>>> print(open('coords-v5.cif').read())   # mmCIF, C-alpha atoms
data_work
#
loop_
_atom_site.label_atom_id
_atom_site.label_comp_id
_atom_site.auth_asym_id
_atom_site.auth_seq_id
_atom_site.Cartn_x
_atom_site.Cartn_y
_atom_site.Cartn_z
CA MET A 1 -11.07 -25.71 19.67
CA GLY A 2 -13.34 -28.25 17.98
CA ARG A 3 -12.92 -29.91 14.60
CA LYS A 4 -11.86 -27.43 11.93
CA ARG A 5 -13.36 -27.44 8.44
CA VAL A 6 -11.02 -24.90 6.79
CA VAL A 7 -7.40 -23.88 7.46
CA LEU A 8 -6.36 -20.36 6.47
CA PHE A 9 -2.75 -19.24 6.17
CA ASP A 10 -0.97 -15.94 6.22
CA LEU A 11 1.40 -15.78 3.25
CA ASP A 12 4.74 -14.10 4.04
CA GLY A 13 6.50 -15.82 6.91
CA THR A 14 3.87 -18.51 7.35
CA LEU A 15 3.14 -20.30 4.10
CA VAL A 16 5.93 -18.99 1.86
CA ASP A 17 9.45 -17.84 2.68
CA THR A 18 9.52 -14.56 0.78
CA ALA A 19 12.20 -12.80 2.84
CA PRO A 20 15.04 -13.54 0.38
CA ASP A 21 13.30 -11.62 -2.43
CA LEU A 22 12.01 -8.84 -0.19
CA GLY A 23 15.47 -8.41 1.29
CA PHE A 24 17.10 -8.41 -2.14
CA ALA A 25 14.86 -5.54 -3.24
CA LEU A 26 15.68 -3.44 -0.19
CA ASN A 27 19.41 -4.05 -0.42
CA ALA A 28 19.35 -3.19 -4.12
CA MET A 29 17.98 0.22 -3.14
CA ARG A 30 20.65 0.66 -0.49
CA ARG A 31 23.45 -0.26 -2.87
CA GLU A 32 22.12 2.26 -5.39
CA ARG A 33 22.57 4.93 -2.71
CA GLY A 34 26.02 3.82 -1.63
CA LEU A 35 24.79 2.15 1.55
CA LYS A 36 25.98 -1.21 2.81
CA PRO A 37 23.53 -4.10 2.42
CA LEU A 38 21.77 -5.15 5.58
CA ALA A 39 22.32 -8.57 7.09
CA TYR A 40 19.73 -11.18 6.18
CA ALA A 41 18.79 -11.70 9.84
CA GLU A 42 17.74 -8.05 10.10
CA LEU A 43 15.78 -8.21 6.87
CA ARG A 44 14.04 -11.45 7.77
CA ALA A 45 12.69 -10.07 11.04
CA GLN A 46 10.92 -7.24 9.16
CA ALA A 47 9.69 -9.21 6.17
CA SER A 48 6.19 -9.79 7.57
CA HIS A 49 5.73 -6.02 7.84
CA GLY A 50 6.04 -5.55 4.08
CA ALA A 51 7.25 -2.41 2.35
CA ARG A 52 6.44 -0.19 5.33
CA GLY A 53 8.57 -2.18 7.76
CA LEU A 54 11.40 -2.69 5.30
CA ILE A 55 11.59 0.97 4.27
CA ARG A 56 11.72 1.92 7.94
CA LEU A 57 14.50 -0.60 8.50
CA GLY A 58 16.50 0.39 5.44
CA PHE A 59 16.08 4.17 5.51
CA GLY A 60 14.58 5.10 8.88
CA LEU A 61 11.44 6.58 7.31
CA GLY A 62 7.79 6.01 8.10
CA PRO A 63 4.61 6.72 6.10
CA ASP A 64 4.35 10.29 7.42
CA ASP A 65 7.91 11.22 6.47
CA PRO A 66 8.79 13.12 3.27
CA GLY A 67 10.20 10.80 0.66
CA PHE A 68 8.66 7.65 2.11
CA GLU A 69 6.13 7.13 -0.67
CA THR A 70 8.76 7.56 -3.38
CA LEU A 71 10.93 4.94 -1.70
CA ARG A 72 7.96 2.63 -1.27
CA GLN A 73 7.04 2.80 -4.94
CA GLU A 74 10.65 2.15 -5.94
CA PHE A 75 10.80 -0.82 -3.59
CA LEU A 76 7.60 -2.30 -5.00
CA GLU A 77 8.82 -1.95 -8.58
CA ILE A 78 12.11 -3.70 -7.78
CA TYR A 79 10.32 -6.40 -5.80
CA ALA A 80 7.89 -7.03 -8.66
CA GLY A 81 10.86 -7.91 -10.83
CA VAL A 82 12.26 -10.51 -8.41
CA LEU A 83 8.98 -11.72 -6.90
CA THR A 84 9.54 -15.40 -7.61
CA ALA A 85 13.34 -15.57 -7.88
CA ARG A 86 14.12 -16.95 -4.41
CA SER A 87 10.79 -17.48 -2.63
CA SER A 88 9.60 -20.99 -1.77
CA LEU A 89 7.30 -22.89 0.54
CA PHE A 90 8.65 -23.31 4.03
CA PRO A 91 10.06 -26.81 4.63
CA GLY A 92 7.26 -29.21 5.44
CA MET A 93 4.50 -26.92 4.21
CA GLY A 94 4.05 -28.74 0.90
CA GLU A 95 3.40 -31.97 2.77
CA VAL A 96 0.93 -30.22 5.06
CA LEU A 97 -1.08 -28.83 2.16
CA SER A 98 -1.18 -32.24 0.47
CA ALA A 99 -2.26 -33.90 3.70
CA LEU A 100 -5.04 -31.37 4.25
CA GLU A 101 -6.29 -31.99 0.73
CA ALA A 102 -6.12 -35.76 1.25
CA GLN A 103 -8.25 -35.37 4.37
CA GLY A 104 -10.77 -33.20 2.53
CA VAL A 105 -9.88 -30.08 4.54
CA PRO A 106 -9.86 -26.99 2.28
CA TRP A 107 -7.15 -24.41 2.84
CA GLY A 108 -6.84 -20.81 1.80
CA VAL A 109 -4.65 -17.73 2.05
CA VAL A 110 -5.45 -14.47 3.83
CA THR A 111 -2.63 -11.95 3.47
CA ASN A 112 -1.96 -8.24 3.56
CA LYS A 113 0.18 -8.64 0.43
CA PRO A 114 -1.50 -6.82 -2.49
CA ALA A 115 -3.00 -9.03 -5.17
CA ARG A 116 -0.48 -7.81 -7.76
CA PHE A 117 2.13 -9.74 -5.77
CA SER A 118 0.22 -12.48 -3.94
CA GLU A 119 -1.55 -13.95 -6.95
CA PRO A 120 1.47 -14.26 -9.29
CA LEU A 121 3.55 -15.68 -6.46
CA LEU A 122 0.95 -18.33 -5.62
CA ARG A 123 0.50 -19.17 -9.29
CA HIS A 124 4.27 -19.56 -9.69
CA LEU A 125 4.32 -22.00 -6.77
CA GLY A 126 1.36 -23.95 -8.18
CA LEU A 127 -0.86 -23.02 -5.25
CA TYR A 128 -3.37 -20.51 -6.58
CA GLU A 129 -5.72 -23.02 -8.18
CA ARG A 130 -5.42 -25.36 -5.21
CA ALA A 131 -6.44 -22.75 -2.64
CA ALA A 132 -10.08 -22.60 -1.60
CA CYS A 133 -9.72 -18.82 -1.38
CA VAL A 134 -7.05 -16.15 -1.76
CA VAL A 135 -7.80 -12.93 0.11
CA SER A 136 -5.16 -10.29 -0.56
CA GLY A 137 -4.41 -7.04 1.19
CA ASP A 138 -6.56 -5.07 -1.24
CA THR A 139 -9.43 -7.54 -1.54
CA CYS A 140 -11.32 -5.84 1.29
CA ALA A 141 -11.51 -2.20 2.30
CA GLN A 142 -9.56 -2.90 5.48
CA PRO A 143 -6.53 -5.22 5.77
CA LYS A 144 -5.53 -7.14 8.89
CA PRO A 145 -5.67 -6.54 11.84
CA HIS A 146 -9.24 -5.71 10.82
CA PRO A 147 -11.30 -8.93 10.76
CA ALA A 148 -12.81 -8.17 7.32
CA PRO A 149 -10.33 -10.29 5.29
CA LEU A 150 -10.87 -13.35 7.49
CA LEU A 151 -14.63 -12.91 7.44
CA HIS A 152 -14.46 -12.57 3.65
CA ALA A 153 -12.62 -15.91 3.51
CA CYS A 154 -15.35 -17.47 5.64
CA GLN A 155 -18.04 -16.19 3.29
CA HIS A 156 -16.12 -17.43 0.26
CA THR A 157 -15.71 -20.92 1.72
CA GLY A 158 -19.17 -21.06 3.32
CA THR A 159 -17.67 -21.62 6.76
CA GLU A 160 -18.32 -20.09 10.16
CA PRO A 161 -15.29 -18.38 11.76
CA GLY A 162 -15.29 -20.82 14.65
CA ALA A 163 -14.90 -23.73 12.22
CA CYS A 164 -11.72 -22.24 10.71
CA LEU A 165 -8.14 -22.16 11.95
CA TYR A 166 -5.89 -19.23 11.07
CA VAL A 167 -2.12 -19.72 10.99
CA GLY A 168 0.05 -16.58 11.05
CA ASP A 169 3.34 -15.20 12.32
CA ALA A 170 2.46 -11.65 13.41
CA ALA A 171 0.49 -10.05 16.22
CA ARG A 172 -1.94 -8.55 13.70
CA ASP A 173 -2.79 -12.07 12.52
CA VAL A 174 -3.91 -13.07 16.00
CA GLU A 175 -5.69 -9.75 16.52
CA ALA A 176 -7.62 -10.17 13.28
CA ALA A 177 -8.57 -13.75 14.11
CA GLN A 178 -9.78 -12.80 17.58
CA ALA A 179 -11.87 -9.97 16.16
CA ALA A 180 -13.38 -12.42 13.66
CA GLY A 181 -14.11 -15.05 16.32
CA MET A 182 -11.63 -17.45 14.72
CA PRO A 183 -9.06 -19.65 16.50
CA ALA A 184 -5.45 -18.80 15.65
CA VAL A 185 -2.04 -20.35 16.06
CA VAL A 186 1.33 -18.62 15.69
CA ALA A 187 3.92 -20.03 13.29
CA LEU A 188 7.17 -19.81 15.23
CA TRP A 189 9.15 -20.56 12.07
CA GLY A 190 7.99 -17.20 10.71
CA TYR A 191 9.50 -13.74 10.66
CA LEU A 192 9.66 -13.03 14.36
CA GLY A 193 11.99 -10.28 15.56
CA SER A 194 13.93 -10.20 18.83
CA GLY A 195 11.33 -7.89 20.33
CA ASP A 196 8.35 -10.07 19.45
CA ARG A 197 6.66 -11.88 22.32
CA PRO A 198 4.15 -14.21 20.65
CA GLU A 199 3.27 -15.81 23.96
CA THR A 200 1.57 -12.50 24.88
CA TRP A 201 -0.54 -12.22 21.73
CA GLY A 202 -3.40 -14.37 23.01
CA ALA A 203 -3.20 -17.07 20.32
CA ASP A 204 -4.72 -20.48 20.94
CA ALA A 205 -1.30 -22.08 20.47
CA LEU A 206 2.28 -21.50 19.35
CA ILE A 207 3.55 -24.11 16.91
CA ALA A 208 7.17 -24.79 16.00
CA SER A 209 6.67 -26.63 12.70
CA PRO A 210 4.05 -26.82 9.94
CA GLY A 211 3.16 -30.41 10.81
CA ALA A 212 2.02 -29.29 14.26
CA ILE A 213 -1.02 -27.71 12.60
CA PHE A 214 -2.66 -31.13 12.70
CA ASP A 215 -2.56 -31.10 16.50
CA HIS A 216 -5.08 -28.26 16.37
CA LEU A 217 -7.58 -29.52 13.80
#
>>> encode(input="coords-v5.cif", output="structure tokens")
Amino acid sequence: MGRKRVVLFDLDGTLVDTAPDLGFALNAMRRERGLKPLAYAELRAQASHGARGLIRLGFGLGPDDPGFETLRQEFLEIYAGVLTARSSLFPGMGEVLSALEAQGVPWGVVTNKPARFSEPLLRHLGLYERAACVVSGDTCAQPKPHPAPLLHACQHTGTEPGACLYVGDAARDVEAAQAAGMPAVVALWGYLGSGDRPETWGADALIASPGAIFDHL
């Protein structure tokens, strides 16, 4: 893939393990309605799909269904209150970020998480000021899988797409990278469900641990 000048990360399920807080918010809503909490394994598999995926999991409703938007707003309000309670970098990711910085390789974040959540979370973890760029789900007019957020990150860092590497854990991450002309690898430690087949997504590589990123720089 050629030497990479910038590494870009998805946030939920790639850089930071946010599933415990996302799952807590959904189960709090279920308990309020007399429903049993869902098992963590079920919640984790949907965490990369944000409020939409979790509301569908917890209540069987999609964006076109009556009541969905009310549930989504409630979920977001609860999540905002527990945003940093249980979330942390994935094991090994702190060392990877430090090693990239030591090698003079900037890194950034490109996520579909709205800025009202992504920025406070990254600040809490001490990452916001270290990142070369933070592109949130509402930074551009179109979120991933549209290539706009990745291209925005390239403009911000003054880097061509081909000189970047994108690390994500969802099919839309690979789709966005391909549309932007950017190499992509899939983080197998991320929030993959039983029905996910990352080997079919067309990524440049599948990696089992954060340290394996260096095999593709």
>>> closest_residue(input="coords-v5.cif", among="A:Asp215, A:Ala141, A:Phe117, A:Pro106", to="Glu129 in chain A", atoms="only C-alpha atoms")
A:Pro106
>>> residues_around(input="coords-v5.cif", residues="Gly50 in chain A", least_positions_apart="5", cutoff="12 Å", atoms="all atoms listed in the file", output="VMD selection string")
chain A and resid 11 to 13 18 to 19 21 to 23 25 to 26 43 to 45 55 to 57 72 75 to 76 79 111 to 114 117 137 170 191
>>> resolve_selection(input="coords-v5.cif", expression="the PyMOL selection byres ((chain A and resi 143) around 12)", output="short mmCIF file (atom, residue, chain, number, x, y, z; two decimals) with C-alpha atoms, in the frame of the given file")
data_model
loop_
_atom_site.label_atom_id
_atom_site.label_comp_id
_atom_site.auth_asym_id
_atom_site.auth_seq_id
_atom_site.Cartn_x
_atom_site.Cartn_y
_atom_site.Cartn_z
CA VAL A 110 -5.45 -14.47 3.83
CA THR A 111 -2.63 -11.95 3.47
CA ASN A 112 -1.96 -8.24 3.56
CA LYS A 113 0.18 -8.64 0.43
CA PRO A 114 -1.50 -6.82 -2.49
CA VAL A 135 -7.80 -12.93 0.11
CA SER A 136 -5.16 -10.29 -0.56
CA GLY A 137 -4.41 -7.04 1.19
CA ASP A 138 -6.56 -5.07 -1.24
CA THR A 139 -9.43 -7.54 -1.54
CA CYS A 140 -11.32 -5.84 1.29
CA ALA A 141 -11.51 -2.20 2.30
CA GLN A 142 -9.56 -2.90 5.48
CA LYS A 144 -5.53 -7.14 8.89
CA PRO A 145 -5.67 -6.54 11.84
CA HIS A 146 -9.24 -5.71 10.82
CA PRO A 147 -11.30 -8.93 10.76
CA ALA A 148 -12.81 -8.17 7.32
CA PRO A 149 -10.33 -10.29 5.29
CA LEU A 150 -10.87 -13.35 7.49
CA LEU A 151 -14.63 -12.91 7.44
CA HIS A 152 -14.46 -12.57 3.65
CA ARG A 172 -1.94 -8.55 13.70
CA ASP A 173 -2.79 -12.07 12.52
CA GLU A 175 -5.69 -9.75 16.52
CA ALA A 176 -7.62 -10.17 13.28
#
>>> residues_around(input="coords-v5.cif", residues="Gln103 in chain A", least_positions_apart="6", cutoff="12 Å", atoms="only C-alpha atoms", output="list of chain:residue names")
A:Lys4, A:Arg5, A:Val6, A:Val7, A:Val96, A:Leu97, A:Phe214, A:Leu217
>>> residues_around(input="coords-v5.cif", residues="Asp10 in chain A", least_positions_apart="3", cutoff="7 Å", atoms="all atoms listed in the file", output="MDAnalysis selection string")
chainID A and resid 14:15 109:111 167:168
>>> closest_residue(input="coords-v5.cif", among="A:Ala132, A:Trp189, A:Arg197, A:Gly34", to="Gly158 in chain A", atoms="all atoms listed in the file")
A:Ala132
>>> atom_distance(input="coords-v5.cif", atom1="CA of Asp65 in chain A", atom2="CA of Leu35 in chain A")
19.8 Å
>>> atom_distance(input="coords-v5.cif", atom1="CA of Gln46 in chain A", atom2="CA of Gly81 in chain A")
20.0 Å
>>> build_atoms(input="coords-v5.cif", residues="range 137-165 of chain A", atoms="N, CA and C atoms", output="JSON list (two decimals), in the coordinates of the input")
[["chain", "number", "residue", "atom", "x", "y", "z"],
["A", 137, "GLY", "N", -4.32, -8.24, 0.37],
["A", 137, "GLY", "CA", -4.41, -7.04, 1.19],
["A", 137, "GLY", "C", -5.34, -5.98, 0.65],
["A", 138, "ASP", "N", -5.64, -6.04, -0.65],
["A", 138, "ASP", "CA", -6.56, -5.07, -1.24],
["A", 138, "ASP", "C", -7.87, -5.70, -1.69],
["A", 139, "THR", "N", -8.14, -6.91, -1.23],
["A", 139, "THR", "CA", -9.43, -7.54, -1.54],
["A", 139, "THR", "C", -10.57, -6.85, -0.80],
["A", 140, "CYS", "N", -10.31, -6.52, 0.46],
["A", 140, "CYS", "CA", -11.32, -5.84, 1.29],
["A", 140, "CYS", "C", -10.88, -4.40, 1.54],
["A", 141, "ALA", "N", -11.82, -3.61, 2.04],
["A", 141, "ALA", "CA", -11.51, -2.20, 2.30],
["A", 141, "ALA", "C", -10.49, -2.05, 3.40],
["A", 142, "GLN", "N", -10.49, -2.97, 4.37],
["A", 142, "GLN", "CA", -9.56, -2.90, 5.48],
["A", 142, "GLN", "C", -8.71, -4.17, 5.53],
["A", 143, "PRO", "N", -7.39, -4.05, 5.62],
["A", 143, "PRO", "CA", -6.53, -5.22, 5.77],
["A", 143, "PRO", "C", -6.45, -5.65, 7.24],
["A", 144, "LYS", "N", -5.81, -6.76, 7.51],
["A", 144, "LYS", "CA", -5.53, -7.14, 8.89],
["A", 144, "LYS", "C", -4.73, -6.03, 9.58],
["A", 145, "PRO", "N", -4.98, -5.73, 10.84],
["A", 145, "PRO", "CA", -5.67, -6.54, 11.84],
["A", 145, "PRO", "C", -7.19, -6.43, 11.86],
["A", 146, "HIS", "N", -7.79, -5.71, 10.92],
["A", 146, "HIS", "CA", -9.24, -5.71, 10.82],
["A", 146, "HIS", "C", -9.71, -7.13, 10.49],
["A", 147, "PRO", "N", -10.82, -7.56, 11.02],
["A", 147, "PRO", "CA", -11.30, -8.93, 10.76],
["A", 147, "PRO", "C", -11.89, -9.14, 9.37],
["A", 148, "ALA", "N", -12.12, -8.06, 8.61],
["A", 148, "ALA", "CA", -12.81, -8.17, 7.32],
["A", 148, "ALA", "C", -12.21, -9.22, 6.39],
["A", 149, "PRO", "N", -10.88, -9.29, 6.22],
["A", 149, "PRO", "CA", -10.33, -10.29, 5.29],
["A", 149, "PRO", "C", -10.63, -11.73, 5.72],
["A", 150, "LEU", "N", -10.56, -12.00, 7.01],
["A", 150, "LEU", "CA", -10.87, -13.35, 7.49],
["A", 150, "LEU", "C", -12.36, -13.66, 7.35],
["A", 151, "LEU", "N", -13.19, -12.69, 7.61],
["A", 151, "LEU", "CA", -14.63, -12.91, 7.44],
["A", 151, "LEU", "C", -14.98, -13.10, 5.97],
["A", 152, "HIS", "N", -14.26, -12.40, 5.09],
["A", 152, "HIS", "CA", -14.46, -12.57, 3.65],
["A", 152, "HIS", "C", -14.10, -14.00, 3.25],
["A", 153, "ALA", "N", -13.01, -14.52, 3.80],
["A", 153, "ALA", "CA", -12.62, -15.91, 3.51],
["A", 153, "ALA", "C", -13.69, -16.89, 3.99],
["A", 154, "CYS", "N", -14.28, -16.61, 5.14],
["A", 154, "CYS", "CA", -15.35, -17.47, 5.64],
["A", 154, "CYS", "C", -16.55, -17.47, 4.69],
["A", 155, "GLN", "N", -16.93, -16.28, 4.23],
["A", 155, "GLN", "CA", -18.04, -16.19, 3.29],
["A", 155, "GLN", "C", -17.73, -16.94, 2.00],
["A", 156, "HIS", "N", -16.51, -16.80, 1.52],
["A", 156, "HIS", "CA", -16.12, -17.43, 0.26],
["A", 156, "HIS", "C", -16.14, -18.95, 0.36],
["A", 157, "THR", "N", -15.77, -19.47, 1.52],
["A", 157, "THR", "CA", -15.71, -20.92, 1.72],
["A", 157, "THR", "C", -16.97, -21.47, 2.36],
["A", 158, "GLY", "N", -17.93, -20.60, 2.70],
["A", 158, "GLY", "CA", -19.17, -21.06, 3.32],
["A", 158, "GLY", "C", -18.96, -21.67, 4.69],
["A", 159, "THR", "N", -18.05, -21.07, 5.46],
["A", 159, "THR", "CA", -17.67, -21.62, 6.76],
["A", 159, "THR", "C", -17.81, -20.57, 7.85],
["A", 160, "GLU", "N", -18.27, -20.99, 9.02],
["A", 160, "GLU", "CA", -18.32, -20.09, 10.16],
["A", 160, "GLU", "C", -16.91, -19.86, 10.70],
["A", 161, "PRO", "N", -16.64, -18.66, 11.25],
["A", 161, "PRO", "CA", -15.29, -18.38, 11.76],
["A", 161, "PRO", "C", -14.80, -19.41, 12.78],
["A", 162, "GLY", "N", -15.70, -19.87, 13.64],
["A", 162, "GLY", "CA", -15.29, -20.82, 14.65],
["A", 162, "GLY", "C", -14.88, -22.17, 14.11],
["A", 163, "ALA", "N", -15.24, -22.46, 12.86],
["A", 163, "ALA", "CA", -14.90, -23.73, 12.22],
["A", 163, "ALA", "C", -13.64, -23.62, 11.37],
["A", 164, "CYS", "N", -12.97, -22.46, 11.44],
["A", 164, "CYS", "CA", -11.72, -22.24, 10.71],
["A", 164, "CYS", "C", -10.56, -22.18, 11.70],
["A", 165, "LEU", "N", -9.37, -22.36, 11.19],
["A", 165, "LEU", "CA", -8.14, -22.16, 11.95],
["A", 165, "LEU", "C", -7.26, -21.23, 11.13]]
